[in-house]
Amino acid sequence: MNTVSLLTDFGHKDNFVGIMKAVILKINPQAKIVDISHEVKPGHILEAALLLKSAFKYFPKGTVHLAVVDPGVGTKRKKLLVKTRDYIFIAPDNGILSLALKEERPIKIIELTKAKYFLKPVSDTFHGRDIFAPVAAHASREESIERFGRKIKSIKNLDLPRPKAGANALRGEIIYIDRFGNLTSNITGEAFKSFIKNRRFKICIQGEEINALSHSYSQAANSRWPVALINSFGYLEIAVPGASALACLSANIGSEVLVSGR
Amino acid sequence: MNTVSLLTDFGHKDNFVGIMKAVILKINPQAKIVDISHEVKPGHILEAALLLKSAFKYFPKGTVHLAVVDPGVGTKRKKLLVKTRDYIFIAPDNGILSLALKEERPIKIIELTKAKYFLKPVSDTFHGRDIFAPVAAHASREESIERFGRKIKSIKNLDLPRPKAGANALRGEIIYIDRFGNLTSNITGEAFKSFIKNRRFKICIQGEEINALSHSYSQAANSRWPVALINSFGYLEIAVPGASALACLSANIGSEVLVSGR
Amino acid sequence: MNTVSLLTDFGHKDNFVGIMKAVILKINPQAKIVDISHEVKPGHILEAALLLKSAFKYFPKGTVHLAVVDPGVGTKRKKLLVKTRDYIFIAPDNGILSLALKEERPIKIIELTKAKYFLKPVSDTFHGRDIFAPVAAHASREESIERFGRKIKSIKNLDLPRPKAGANALRGEIIYIDRFGNLTSNITGEAFKSFIKNRRFKICIQGEEINALSHSYSQAANSRWPVALINSFGYLEIAVPGASALACLSANIGSEVLVSGR
């Protein structure tokens, strides 16, 4: 149990992430630290939750997933360690774990209270360094998780907005935009297929209409027409092959995606 | 054979790179993964080819170089493993390896066809995760490369634009711009010297004229005059000490660099 | 002595950092390399010095700290290895180490002169690759540091601007701005407390007045009022909870922070 994944909104310009890694290695020199992302939009818990949900299962069993997007640092929000069958998750109790934990149920939830595992003194503004990193390092050494605090029953929940299914239309929205400007909606591949069945359909976004699902980004390469596909994380995605759908469609987080028969 | 280098256009904001690393570590927990760059301009195969060519030789012998800039993901383009004397290269067959493989000749080329080494199911949009990362991980465990597919004879070639040598002038162009705004031309140090011999020369770019080669960025520090030098990768480079030549000269990829006697 | 930290202004788009890591791993395959930051503003030695000073102590004892912000590369500036009680520092002699070395005194200073530890040939523009990385790798193998060059007595010093204490006011300035737009001043928590004692105070910056110290970013969350706090590195910091103080206050490096009684 030596791999530690890191997910934060700390960016790459400061030394915050490097310091967290230093703290981890000082406690567990064998730790293998893997960055999931540090470019979560500052304070955007839901974005981090989505990145964690779609990444965590690819890691080796026993990985400690450390997720610190923590706008409430220094307030009364709890600090968590959650054990599931295959992983340990460590994070502030603000919903950042809730999407991952819908896919892999918690077996045990610990509120981190044992100060002997924290750095001293604990600052009020950098619990990533002072609390979460040292606990993650200890947990990656397969220490019994009960020693980090007291068992609790539940954690803060956070949900993706759900698509609204009417008789004639499935109304979703853009929930994530990747580096290429591809637009991920909150409509899963399953939801899409079960709504459409074998009907002909159209997908409308920002005034554009798409009448088919593509398999890859290349089918319409260079045509600059938007395409729709079920992406590698299982969601309906709008892309413009060879370009940025974000830019071409002037879309954004929250933009409506309307699926209907035709 | 435990080091795996990674070169992609996946950026740092998404979880794509972290997921590829997770997949690698799940298969080979001993792998040492080193990022070459993930900020290749989306889909720019030639830029990636150049970064790989100028980096690969510094790695330990036996390194598996994994390069995924893959605008054709999901189409019929082949997936490659190439063995050279000192390294293994894994990439889509789109030319990304061609500059490196001019410096270190292929000994064996394998088209990746054995699905048993891929993740299941294989998506059409993220072969970095589903095909290339797992094969790289297996290859880094020194598994016999023949088992990954069938031997083929050749791969797609891609060339840098070549400088044009006339009687009086050597006409090159800018092929890469680094973080500091330094402008790398396609004129190698050898080509420059063999053209100029012992003559006096001028180098013209964007209306500016440079009459000497500098050894370092500091010779004209803070003067904001452009200088020319043979850079650490062996190419003629235009720089503005203490500033960005990109900005100062309003140059870009493709800007002409004209070398002539005077 | 296997951990090597890296701090540069090389950014993430080029292959410079990856090449340095490759060079290190070729010499010491056991090295654990941790990035402190590579997004130091190009050539800004003081920014790098500050990042190093606030990070280095969190690393395991024996870490080799390699810091390359080196606008003088290729000139006569010295190349240094500095041994302290717990760490080894390797860097150009331009002041980048001076803030860290105020916290942990040098025991031995070596000027790097032994070319047998450098790559060959040594370029004039990339000593990070050709000199500093290979020496750091050798040093991380616990080789005797004397073999890297000759002992010298002193290194170039660089200071943070000091706050000016008058009878009625303590006049500081912004010296660092983090990813969140939080503004770090050059006034330490101790200097602030010893100036204010038990008096009521005001902190003025860019026309705004703050009358209390907060403990965390959340106390005024979403109010968009600036708050002042002693940050996790011990300095007086101005922040706007849930937003960027940089943007809200139109502040910058050098903006005045005035502390006075009221």
# chains A, B, ... in the order shown; residues from 1 in each chain; ligands from 1
>>> closest_atom_pairs(of="chain C", to="chain B", cutoff="9 Å", atoms="only C-alpha atoms", output="tab-separated table")
residue	atom	partner	partner_atom	distance
C:Asp9	CA	B:Arg179	CA	9.0
C:Phe10	CA	B:Arg179	CA	6.9
C:Gly11	CA	B:Arg179	CA	6.4
C:His12	CA	B:Ser37	CA	6.4
C:Lys13	CA	B:Glu39	CA	4.7
C:Asp14	CA	B:Asp178	CA	6.1
C:Asn15	CA	B:Ile36	CA	5.1
C:Phe16	CA	B:Ile36	CA	7.9
C:Val17	CA	B:Ile36	CA	7.3
C:Gly18	CA	B:Ile36	CA	4.4
C:Ile19	CA	B:Ala55	CA	5.8
C:Met20	CA	B:Tyr58	CA	8.3
C:Lys21	CA	B:Val34	CA	7.1
C:Ala22	CA	B:Phe59	CA	4.5
C:Val23	CA	B:Tyr58	CA	5.7
C:Ile24	CA	B:Phe59	CA	8.8
C:Leu25	CA	B:Pro60	CA	6.8
C:Lys26	CA	B:Pro60	CA	4.6
C:Ile27	CA	B:Pro60	CA	8.2
C:Pro29	CA	B:Pro60	CA	8.3
C:Pro42	CA	B:Phe180	CA	6.8
C:Gly43	CA	B:Gly242	CA	7.5
C:Pro71	CA	B:Ser218	CA	6.9
C:Gly72	CA	B:Ser218	CA	5.7
C:Val73	CA	B:Ser216	CA	6.7
C:Gly74	CA	B:Ser216	CA	5.2
C:Thr75	CA	B:Ser218	CA	6.8
C:Val122	CA	B:Ser232	CA	8.9
C:Ser123	CA	B:Ser232	CA	5.8
C:Asp124	CA	B:Ser216	CA	5.5
C:Thr125	CA	B:Ser216	CA	5.6
C:Phe126	CA	B:Ser232	CA	6.1
>>> residues_around(residues="Val257 in chain A", least_positions_apart="3", cutoff="8 Å", atoms="only C-alpha atoms", output="PyMOL selection string")
chain A and resi 171-174+185+203-205
>>> atom_distance(atom1="CA of Leu97 in chain B", atom2="CA of Val4 in chain B")
15.5 Å
>>> select_by_dssp(residues="range 36-257 of chain C", states="helix (DSSP H, G or I)", output="number ranges by chain")
C: 45-53, 56-58, 100-103, 115-117, 127-140, 145-148, 189-196, 245-248
>>> select_by_dssp(residues="range 18-258 of chain A", states="strand (DSSP E)", output="VMD selection string")
chain A and resid 32 to 37 64 to 68 79 to 83 88 to 92 108 to 112 149 to 152 164 to 165 169 to 177 183 to 188 201 to 205 208 to 210 227 to 230 235 to 239 256 to 258
>>> write_last_selection(atoms="C-alpha atoms", output="PDB file, in the first residue's frame")
ATOM      1  CA  LYS A  32       5.031   6.438  -4.945  1.00  0.00           C
ATOM      2  CA  ILE A  33       3.241   9.726  -5.461  1.00  0.00           C
ATOM      3  CA  VAL A  34       1.139  10.249  -8.592  1.00  0.00           C
ATOM      4  CA  ASP A  35      -0.519  13.537  -9.505  1.00  0.00           C
ATOM      5  CA  ILE A  36      -4.116  13.317 -10.681  1.00  0.00           C
ATOM      6  CA  SER A  37      -4.362  17.062 -11.183  1.00  0.00           C
ATOM      7  CA  VAL A  64      -4.219   6.238  -0.830  1.00  0.00           C
ATOM      8  CA  HIS A  65      -6.143   8.929  -2.695  1.00  0.00           C
ATOM      9  CA  LEU A  66      -5.437  12.331  -1.185  1.00  0.00           C
ATOM     10  CA  ALA A  67      -7.769  15.089  -2.402  1.00  0.00           C
ATOM     11  CA  VAL A  68      -7.385  18.622  -1.109  1.00  0.00           C
ATOM     12  CA  LYS A  79     -11.172  15.922   8.027  1.00  0.00           C
ATOM     13  CA  LEU A  80     -11.855  12.433   6.678  1.00  0.00           C
ATOM     14  CA  LEU A  81     -10.271   9.102   6.006  1.00  0.00           C
ATOM     15  CA  VAL A  82     -12.558   6.678   4.181  1.00  0.00           C
ATOM     16  CA  LYS A  83     -11.755   3.037   3.629  1.00  0.00           C
ATOM     17  CA  ILE A  88      -8.221   4.721   1.150  1.00  0.00           C
ATOM     18  CA  PHE A  89      -9.494   8.249   0.550  1.00  0.00           C
ATOM     19  CA  ILE A  90      -8.311  11.229   2.589  1.00  0.00           C
ATOM     20  CA  ALA A  91      -9.913  14.648   2.176  1.00  0.00           C
ATOM     21  CA  PRO A  92     -11.792  17.478   3.846  1.00  0.00           C
ATOM     22  CA  LYS A 108     -15.243   2.587   7.342  1.00  0.00           C
ATOM     23  CA  ILE A 109     -15.222   6.355   7.821  1.00  0.00           C
ATOM     24  CA  ILE A 110     -12.785   7.945  10.241  1.00  0.00           C
ATOM     25  CA  GLU A 111     -12.781  11.556  11.325  1.00  0.00           C
ATOM     26  CA  LEU A 112      -9.156  12.617  11.619  1.00  0.00           C
ATOM     27  CA  GLY A 149      -9.398   9.260  14.785  1.00  0.00           C
ATOM     28  CA  ARG A 150     -12.940   8.223  15.598  1.00  0.00           C
ATOM     29  CA  LYS A 151     -15.434   6.324  13.484  1.00  0.00           C
ATOM     30  CA  ILE A 152     -18.306   8.335  12.075  1.00  0.00           C
ATOM     31  CA  LYS A 164     -34.120  16.060 -16.711  1.00  0.00           C
ATOM     32  CA  ALA A 165     -36.030  13.504 -18.734  1.00  0.00           C
ATOM     33  CA  ALA A 169     -36.498  15.461 -24.523  1.00  0.00           C
ATOM     34  CA  LEU A 170     -33.622  14.723 -22.227  1.00  0.00           C
ATOM     35  CA  ARG A 171     -32.260  17.986 -20.925  1.00  0.00           C
ATOM     36  CA  GLY A 172     -28.668  17.873 -19.691  1.00  0.00           C
ATOM     37  CA  GLU A 173     -25.897  20.369 -19.207  1.00  0.00           C
ATOM     38  CA  ILE A 174     -22.140  20.718 -19.605  1.00  0.00           C
ATOM     39  CA  ILE A 175     -20.366  19.744 -16.395  1.00  0.00           C
ATOM     40  CA  TYR A 176     -16.710  19.581 -17.448  1.00  0.00           C
ATOM     41  CA  ILE A 177     -14.507  21.010 -20.169  1.00  0.00           C
ATOM     42  CA  LEU A 183     -17.513  19.466 -23.563  1.00  0.00           C
ATOM     43  CA  THR A 184     -18.613  16.712 -21.173  1.00  0.00           C
ATOM     44  CA  SER A 185     -22.313  16.657 -20.357  1.00  0.00           C
ATOM     45  CA  ASN A 186     -24.008  15.100 -17.352  1.00  0.00           C
ATOM     46  CA  ILE A 187     -25.803  12.602 -19.621  1.00  0.00           C
ATOM     47  CA  THR A 188     -24.287   9.154 -19.284  1.00  0.00           C
ATOM     48  CA  PHE A 201     -32.405  11.732 -32.560  1.00  0.00           C
ATOM     49  CA  LYS A 202     -30.915  15.172 -32.490  1.00  0.00           C
ATOM     50  CA  ILE A 203     -28.593  16.702 -29.924  1.00  0.00           C
ATOM     51  CA  CYS A 204     -28.815  20.479 -29.628  1.00  0.00           C
ATOM     52  CA  ILE A 205     -26.233  22.703 -27.995  1.00  0.00           C
ATOM     53  CA  GLU A 208     -26.055  23.633 -33.249  1.00  0.00           C
ATOM     54  CA  GLU A 209     -27.723  20.342 -34.065  1.00  0.00           C
ATOM     55  CA  ILE A 210     -25.979  16.962 -34.167  1.00  0.00           C
ATOM     56  CA  VAL A 227     -19.735  15.843 -33.166  1.00  0.00           C
ATOM     57  CA  ALA A 228     -21.225  13.943 -30.253  1.00  0.00           C
ATOM     58  CA  LEU A 229     -19.748  10.818 -28.762  1.00  0.00           C
ATOM     59  CA  ILE A 230     -19.753   8.772 -25.582  1.00  0.00           C
ATOM     60  CA  TYR A 235     -20.555  10.555 -20.697  1.00  0.00           C
ATOM     61  CA  LEU A 236     -22.105  12.181 -23.755  1.00  0.00           C
ATOM     62  CA  GLU A 237     -19.510  14.645 -25.015  1.00  0.00           C
ATOM     63  CA  ILE A 238     -19.626  17.363 -27.644  1.00  0.00           C
ATOM     64  CA  ALA A 239     -16.368  17.911 -29.512  1.00  0.00           C
ATOM     65  CA  GLU A 256     -27.718  23.182 -22.013  1.00  0.00           C
ATOM     66  CA  VAL A 257     -27.515  19.950 -24.007  1.00  0.00           C
ATOM     67  CA  LEU A 258     -30.897  18.905 -25.346  1.00  0.00           C
TER      68      LEU A 258
END
>>> residues_around(residues="Leu46 in chain C", least_positions_apart="4", cutoff="9 Å", atoms="only C-alpha atoms", output="PDB file with C-alpha atoms, in the first residue's frame")
ATOM      1  CA  LEU C  50      11.547  32.535  -1.373  1.00  0.00           C
ATOM      2  CA  LEU C  51       9.993  29.295  -2.646  1.00  0.00           C
ATOM      3  CA  GLY C  95      21.630  34.530  -4.500  1.00  0.00           C
ATOM      4  CA  ILE C  96      19.007  31.847  -5.059  1.00  0.00           C
ATOM      5  CA  LEU C  99      17.214  32.984   2.024  1.00  0.00           C
ATOM      6  CA  LEU C 158      20.378  38.439  -1.862  1.00  0.00           C
ATOM      7  CA  ASP C 159      17.878  39.938   0.535  1.00  0.00           C
ATOM      8  CA  LEU C 160      14.191  40.400   0.669  1.00  0.00           C
TER       9      LEU C 160
END
>>> atom_distance(atom1="CA of Gly207 in chain B", atom2="CA of Leu246 in chain B")
13.6 Å
>>> atom_distance(atom1="CA of Ala212 in chain A", atom2="CA of Pro226 in chain A")
10.6 Å
